Amino acid sequence: MLVGGDGNPYLADFGLATVQHNGATMTTVLEGGSTRWMAPELLIDMKMSVDDQEDDMPALKVMWHSDIWSFAMLVLELLTGELPFPDKILDVAVILALMKGEHPKHPQSPKVIGQGLNHELWHYLCSCWNSSPEDRLSLLPLQDLLDELATQ
């Protein structure tokens with residue numbers, strides 16, 4: 001995360017992030033992004049690039065659709081205090097789950113629901129994780145919901 005001169009936080013690339021889990025430091029398995037926040041179509045693009053064995057691997061085609069996916073994972077992380085897919089220790093397990101079309105499990109603890117992760121917000125997050133990128137929720141409805149939840 002970056003902080004601007006005006007004191008406002010800005011989200012930045014997670015590509016160089018490291019993750020600590022149970023005292024062990026892990027880095028992303030794939031270059032170019034952090035798998036726990038990465039949309040499945042980006043993983044598919046990476047696999048195709050590797051399978052083609054090109055010397056000049058093309059840049060990932062990151063579009064707003066994949067940013068929406070990542071943003072929803074960040075919201076989940078902030079409200080739960082856990083990494084996306086906390087039941088999976090290795091990034092490889094996350095990749096396999098994503099390739100099967102799995103999403104993070106809906107946390108049901110009263111603490112998490114009290115933090116704001118109610119059924120309505122969960123529904124919106126799931127819309128951000130739609131397997132079809134074009135069908136993902138755009139940021140404006142999500143922003144409206146987050147604004148509404150912040151005033152409650």
# chains A, B, ... in the order shown; residues from 1 in each chain; ligands from 1
$ residues_around --residues "Lys105 of chain A" --least-positions-apart "2" --cutoff "10 Å" --atoms "only C-alpha atoms" --output "PyMOL selection string"
chain A and resi 84-87+102-103+107-108
$ write_last_selection --atoms "N, CA and C atoms" --output "tab-separated table (two decimals), in the first residue's frame"
chain	number	residue	atom	x	y	z
A	84	PRO	N	-6.73	-14.66	2.15
A	84	PRO	CA	-7.71	-15.42	1.37
A	84	PRO	C	-7.29	-16.90	1.34
A	85	PHE	N	-8.26	-17.77	1.41
A	85	PHE	CA	-8.02	-19.22	1.46
A	85	PHE	C	-7.15	-19.60	2.66
A	86	PRO	N	-7.57	-19.23	3.88
A	86	PRO	CA	-6.73	-19.51	5.05
A	86	PRO	C	-6.56	-21.00	5.33
A	87	ASP	N	-7.42	-21.82	4.76
A	87	ASP	CA	-7.32	-23.27	4.96
A	87	ASP	C	-6.27	-23.91	4.07
A	102	GLU	N	-13.30	-22.89	-7.24
A	102	GLU	CA	-13.61	-22.65	-5.83
A	102	GLU	C	-13.33	-21.21	-5.44
A	103	HIS	N	-14.08	-20.76	-4.44
A	103	HIS	CA	-13.88	-19.43	-3.84
A	103	HIS	C	-13.54	-19.63	-2.37
A	107	PRO	N	-16.84	-17.07	5.98
A	107	PRO	CA	-16.63	-17.12	7.43
A	107	PRO	C	-17.95	-16.84	8.15
A	108	GLN	N	-18.24	-17.63	9.15
A	108	GLN	CA	-19.52	-17.52	9.86
A	108	GLN	C	-19.37	-17.05	11.30
$ closest_residue --among "A:Asn118, A:Asn8, A:Ser109, A:Ser34" --to "Leu146 of chain A" --atoms "only C-alpha atoms"
A:Asn118
$ residues_around --residues "segment 128-141 of chain A" --least-positions-apart "2" --cutoff "9 Å" --atoms "only C-alpha atoms" --output "PyMOL selection string"
chain A and resi 39-41+64-66+68-73+101+103+123-126+143-146
$ closest_residue --among "A:Leu149, A:Leu90, A:Leu121, A:Leu78" --to "His106 of chain A" --atoms "only C-alpha atoms"
A:Leu121
$ atom_distance --atom1 "atom CA of Lys100 of chain A" --atom2 "atom CA of Thr80 of chain A"
23.5 Å
